[in-house]
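Visitor: Quick one: structure below, then a few questions.
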Amino acid sequence: MRSLRRLLRITFAGCAVLAGVAVGYALWGVPKNWYRDHDVSALSAGAQNDLIRLGQAILVDTPTHIGKSAADPAKRYAGNDLACVACHIDGGLKPFAAPLVSTFTSYPLMIDDRVLTLTQRINGCMTRSMNGTAMPEESREMQALVAYMQFVSRDTPAGVRVPGMGLKPLPPPPQPADAGRGEIVYRDACARCHGTDGEGQPRVSPAVGWTIPPLWGDGSFNAAAGMAQLEMAAAFIHANMPPGATAAEPLIGVQEAWDAAAYVTTRPRPPARQAGSDPR
């Protein structure tokens with residue numbers, strides 16, 4: 001009898017171990033959603049959390065804080081009134097929409113045989129997409145953006161870009177990208193939001209910034225911006241435009257995205273800024 005009880009204990013223990021291993025392997029195969037649970041309003045009071053909240057506010061309402069029409073002339077680092085969320089959709093939390101999740105843990109980053117720091121990367125956006133000047137690294141605004149990126153990057157592995165980062169690579173078009181066809185795609189799928197001449201829709205209240213950003217013209221990103229590059233614009237359009245599109249469920253085809261990008265990127269826009277130039 002004792003031998004039977006001992007055998008049963010061993011059998012049950014073995015089953016428990018096997019069940020645990022099976023559950024472990026099942027969980028190991030389930031990808032983590034890195035894009036959830038980043039609610040800054042749930043943060044407690046405190047200096048660091050205040051900095052995180054400011055960082056999100058700058059990202060969402062960039063023109064009010066650091067745009068060319070910001071109330072404080074000393075903080076008019078941008079040369080336009082675009083908002084960072086025009087490209088970093090949903091506060092940098094939408095996969096394949098230039099998200100900021102794991103950005104903090106990815107930097108410093110080696111690019112073109114040189115080490116690029118996070119603040120340098122942010123200032124790259126300031127001088128290209130925002131058509132402005134670099135923010136001082138010690139400024140509260142720069143520190144706030146870094147703090148927000150650190151917040152949304154928490155628990156992500158160091159030196160690894162988690163799935164969904166960047167833009168989803170787009171297959172080559174069946175036919176070469178054509179701006180003429182792209183004008184038709186733009187008219188049918190884009191103009192109702194961005195305007196027939198890419199002029200966007202200005203905000204009414206507050207009267208600084210855009211409800212829908214301009215895609216070309218004086219108020220848009222300059223010629224050195226990533227979104228002025230055909231490949232990047234096509235990938236962004238395919239995964240995110242018109243609103244409601246996702247990388248998994250795009251609303252326009254691959255060829256249409258390439259053609260629309262060819263049209264938008266060949267429209268007039270501000271030239272790339274020379275180092276040290278100041279738009280203010």
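Every chain in the structure tokens takes a letter, A first, then B, and so on in the order presented; its residues are numbered from 1, and the ligands are numbered from 1 following the presented order.
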Please provide the set of residues having any atom within 12 Å of region 41-53 of chain A, restricted to only C-alpha atoms, with same-chain residues fewer than 2 positions apart removed, written as a list in words.

Guide: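 Residues meeting the cut-off are Asp37, His38, Asp39, Gly55, Gln56, Ala57, Ile58, Leu59, Val60, Asp61, Gly91, Ser139, Arg140, Glu141, Met142, Gln143, Ala144, Leu145, Val146, Ala147, Tyr148, Met149, Gln150, Phe151 and Val152 of chain A.
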
Visitor: Would you mind listing what lies within 10 Å of Gly219 (chain A) as a ChimeraX atom specification, with only C-alpha atoms counted and same-chain residues fewer than 3 positions away left out?

Guide: /A:79-82,130-131,199-200,209-210,213-216,222,269-270

Visitor: Go ahead and dump the residues you just picked, C-alpha atoms, as an mmCIF file, in the first residue's frame.

Guide:
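After the write, result03.cif holds the following:
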```
data_model
loop_
_atom_site.group_PDB
_atom_site.id
_atom_site.type_symbol
_atom_site.label_atom_id
_atom_site.label_comp_id
_atom_site.auth_asym_id
_atom_site.auth_seq_id
_atom_site.Cartn_x
_atom_site.Cartn_y
_atom_site.Cartn_z
ATOM 1 C CA GLY A 79 9.935 76.272 -37.741
ATOM 2 C CA ASN A 80 6.362 75.108 -38.349
ATOM 3 C CA ASP A 81 3.276 74.298 -36.305
ATOM 4 C CA LEU A 82 3.123 70.556 -36.953
ATOM 5 C CA MET A 130 9.713 70.301 -37.677
ATOM 6 C CA ASN A 131 11.846 72.467 -40.003
ATOM 7 C CA GLU A 199 -2.862 72.500 -47.283
ATOM 8 C CA GLY A 200 -4.293 70.575 -44.322
ATOM 9 C CA GLY A 209 -1.500 74.064 -35.130
ATOM 10 C CA TRP A 210 -3.442 71.720 -37.346
ATOM 11 C CA PRO A 213 -1.389 68.484 -41.120
ATOM 12 C CA PRO A 214 -0.330 69.983 -44.452
ATOM 13 C CA LEU A 215 1.603 67.585 -46.673
ATOM 14 C CA TRP A 216 3.461 70.185 -48.679
ATOM 15 C CA ASN A 222 11.195 70.077 -45.136
ATOM 16 C CA ARG A 269 8.144 72.071 -49.569
ATOM 17 C CA PRO A 270 10.744 73.964 -47.524
#
```

Visitor: Write out as a PDB file with C-alpha atoms, in the first residue's frame the set of residues from region 15-234 of chain A that DSSP, computed on the backbone, places in helix (DSSP H, G or I).

Guide:
```pdb
ATOM      1  CA  CYS A  15       1.936  15.409 -14.278  1.00  0.00           C
ATOM      2  CA  ALA A  16       2.145  18.753 -12.476  1.00  0.00           C
ATOM      3  CA  VAL A  17       5.661  19.354 -13.794  1.00  0.00           C
ATOM      4  CA  LEU A  18       4.627  18.463 -17.329  1.00  0.00           C
ATOM      5  CA  ALA A  19       1.586  20.722 -17.090  1.00  0.00           C
ATOM      6  CA  GLY A  20       3.777  23.568 -15.860  1.00  0.00           C
ATOM      7  CA  VAL A  21       6.253  23.061 -18.680  1.00  0.00           C
ATOM      8  CA  ALA A  22       3.408  22.987 -21.219  1.00  0.00           C
ATOM      9  CA  VAL A  23       1.949  26.219 -19.875  1.00  0.00           C
ATOM     10  CA  GLY A  24       5.404  27.796 -19.852  1.00  0.00           C
ATOM     11  CA  TYR A  25       6.013  26.903 -23.482  1.00  0.00           C
ATOM     12  CA  ALA A  26       2.560  28.169 -24.421  1.00  0.00           C
ATOM     13  CA  LEU A  27       3.192  31.513 -22.709  1.00  0.00           C
ATOM     14  CA  TRP A  28       6.696  31.720 -24.162  1.00  0.00           C
ATOM     15  CA  VAL A  40       0.160  59.000 -18.123  1.00  0.00           C
ATOM     16  CA  SER A  41      -3.008  60.174 -16.355  1.00  0.00           C
ATOM     17  CA  ALA A  42      -2.689  57.197 -14.008  1.00  0.00           C
ATOM     18  CA  ALA A  47       8.532  65.709 -10.372  1.00  0.00           C
ATOM     19  CA  GLN A  48       9.492  62.817 -12.667  1.00  0.00           C
ATOM     20  CA  ASN A  49       5.888  61.955 -13.483  1.00  0.00           C
ATOM     21  CA  ASP A  50       5.186  65.626 -14.161  1.00  0.00           C
ATOM     22  CA  LEU A  51       8.056  65.531 -16.640  1.00  0.00           C
ATOM     23  CA  ILE A  52       6.564  62.446 -18.315  1.00  0.00           C
ATOM     24  CA  ARG A  53       3.184  64.151 -18.603  1.00  0.00           C
ATOM     25  CA  LEU A  54       4.821  67.226 -20.112  1.00  0.00           C
ATOM     26  CA  GLY A  55       6.607  65.022 -22.620  1.00  0.00           C
ATOM     27  CA  GLN A  56       3.326  63.542 -23.785  1.00  0.00           C
ATOM     28  CA  ALA A  57       1.775  67.022 -23.946  1.00  0.00           C
ATOM     29  CA  ILE A  58       4.622  68.240 -26.166  1.00  0.00           C
ATOM     30  CA  LEU A  59       4.260  65.194 -28.400  1.00  0.00           C
ATOM     31  CA  VAL A  60       0.505  65.680 -28.795  1.00  0.00           C
ATOM     32  CA  THR A  62       3.785  70.380 -30.158  1.00  0.00           C
ATOM     33  CA  PRO A  63       2.899  73.803 -31.620  1.00  0.00           C
ATOM     34  CA  THR A  64       1.616  75.144 -28.311  1.00  0.00           C
ATOM     35  CA  HIS A  65       4.817  74.198 -26.471  1.00  0.00           C
ATOM     36  CA  ILE A  66       7.657  74.470 -29.000  1.00  0.00           C
ATOM     37  CA  PRO A  73       9.476  83.118 -28.046  1.00  0.00           C
ATOM     38  CA  ALA A  74      12.494  81.443 -26.410  1.00  0.00           C
ATOM     39  CA  LYS A  75      10.844  78.046 -26.900  1.00  0.00           C
ATOM     40  CA  CYS A  84       4.831  65.097 -33.460  1.00  0.00           C
ATOM     41  CA  VAL A  85       1.735  62.850 -33.427  1.00  0.00           C
ATOM     42  CA  ALA A  86       1.191  63.556 -37.118  1.00  0.00           C
ATOM     43  CA  ILE A  89       0.361  58.314 -34.190  1.00  0.00           C
ATOM     44  CA  ASP A  90      -1.544  57.755 -30.922  1.00  0.00           C
ATOM     45  CA  GLY A  91       1.185  59.340 -28.849  1.00  0.00           C
ATOM     46  CA  GLY A  92       3.781  57.033 -30.364  1.00  0.00           C
ATOM     47  CA  THR A 103      12.967  53.843 -28.592  1.00  0.00           C
ATOM     48  CA  PHE A 104      14.605  54.764 -25.290  1.00  0.00           C
ATOM     49  CA  THR A 105      16.116  51.300 -24.874  1.00  0.00           C
ATOM     50  CA  SER A 106      17.365  51.269 -28.489  1.00  0.00           C
ATOM     51  CA  LEU A 118      18.512  59.778 -28.355  1.00  0.00           C
ATOM     52  CA  THR A 119      18.709  63.552 -27.954  1.00  0.00           C
ATOM     53  CA  GLN A 120      20.526  63.803 -31.279  1.00  0.00           C
ATOM     54  CA  ARG A 121      17.789  61.739 -32.893  1.00  0.00           C
ATOM     55  CA  ILE A 122      15.095  64.000 -31.435  1.00  0.00           C
ATOM     56  CA  ASN A 123      16.933  67.049 -32.725  1.00  0.00           C
ATOM     57  CA  GLY A 124      17.106  65.404 -36.122  1.00  0.00           C
ATOM     58  CA  CYS A 125      13.314  65.535 -36.128  1.00  0.00           C
ATOM     59  CA  MET A 126      13.431  69.140 -34.942  1.00  0.00           C
ATOM     60  CA  THR A 127      15.583  70.282 -37.837  1.00  0.00           C
ATOM     61  CA  ARG A 140      13.077  71.008 -19.815  1.00  0.00           C
ATOM     62  CA  GLU A 141      11.312  70.280 -23.101  1.00  0.00           C
ATOM     63  CA  MET A 142      14.033  67.911 -24.291  1.00  0.00           C
ATOM     64  CA  GLN A 143      14.192  66.192 -20.915  1.00  0.00           C
ATOM     65  CA  ALA A 144      10.398  65.821 -20.940  1.00  0.00           C
ATOM     66  CA  LEU A 145      10.393  64.119 -24.341  1.00  0.00           C
ATOM     67  CA  VAL A 146      13.135  61.754 -23.201  1.00  0.00           C
ATOM     68  CA  ALA A 147      11.214  61.009 -19.980  1.00  0.00           C
ATOM     69  CA  TYR A 148       8.064  60.154 -21.934  1.00  0.00           C
ATOM     70  CA  MET A 149       9.996  57.868 -24.273  1.00  0.00           C
ATOM     71  CA  GLN A 150      11.569  56.163 -21.283  1.00  0.00           C
ATOM     72  CA  PHE A 151       8.091  55.705 -19.778  1.00  0.00           C
ATOM     73  CA  VAL A 152       6.596  54.038 -22.856  1.00  0.00           C
ATOM     74  CA  ALA A 179       3.130  60.722 -59.457  1.00  0.00           C
ATOM     75  CA  GLY A 180       0.487  61.084 -62.175  1.00  0.00           C
ATOM     76  CA  ARG A 181      -1.412  58.046 -60.932  1.00  0.00           C
ATOM     77  CA  GLY A 182      -0.633  59.185 -57.408  1.00  0.00           C
ATOM     78  CA  GLU A 183      -2.471  62.458 -57.970  1.00  0.00           C
ATOM     79  CA  ILE A 184      -5.606  60.438 -58.694  1.00  0.00           C
ATOM     80  CA  VAL A 185      -5.104  58.314 -55.569  1.00  0.00           C
ATOM     81  CA  TYR A 186      -4.554  61.473 -53.552  1.00  0.00           C
ATOM     82  CA  ARG A 187      -7.713  63.080 -54.930  1.00  0.00           C
ATOM     83  CA  ASP A 188      -9.806  59.987 -54.174  1.00  0.00           C
ATOM     84  CA  ALA A 189      -8.367  58.933 -50.803  1.00  0.00           C
ATOM     85  CA  ALA A 191      -7.810  65.233 -50.404  1.00  0.00           C
ATOM     86  CA  ARG A 192     -10.979  65.135 -48.294  1.00  0.00           C
ATOM     87  CA  CYS A 193      -8.781  65.404 -45.182  1.00  0.00           C
ATOM     88  CA  HIS A 194      -5.518  67.005 -46.322  1.00  0.00           C
ATOM     89  CA  GLY A 226      12.150  61.109 -43.573  1.00  0.00           C
ATOM     90  CA  MET A 227       8.597  61.519 -44.803  1.00  0.00           C
ATOM     91  CA  ALA A 228       9.933  63.369 -47.851  1.00  0.00           C
ATOM     92  CA  LEU A 230       9.538  57.965 -51.336  1.00  0.00           C
ATOM     93  CA  GLU A 231      10.103  54.639 -49.565  1.00  0.00           C
ATOM     94  CA  MET A 232       9.260  55.964 -46.107  1.00  0.00           C
ATOM     95  CA  ALA A 233       6.199  57.886 -47.264  1.00  0.00           C
ATOM     96  CA  ALA A 234       4.850  54.856 -49.144  1.00  0.00           C
TER      97      ALA A 234
END
```
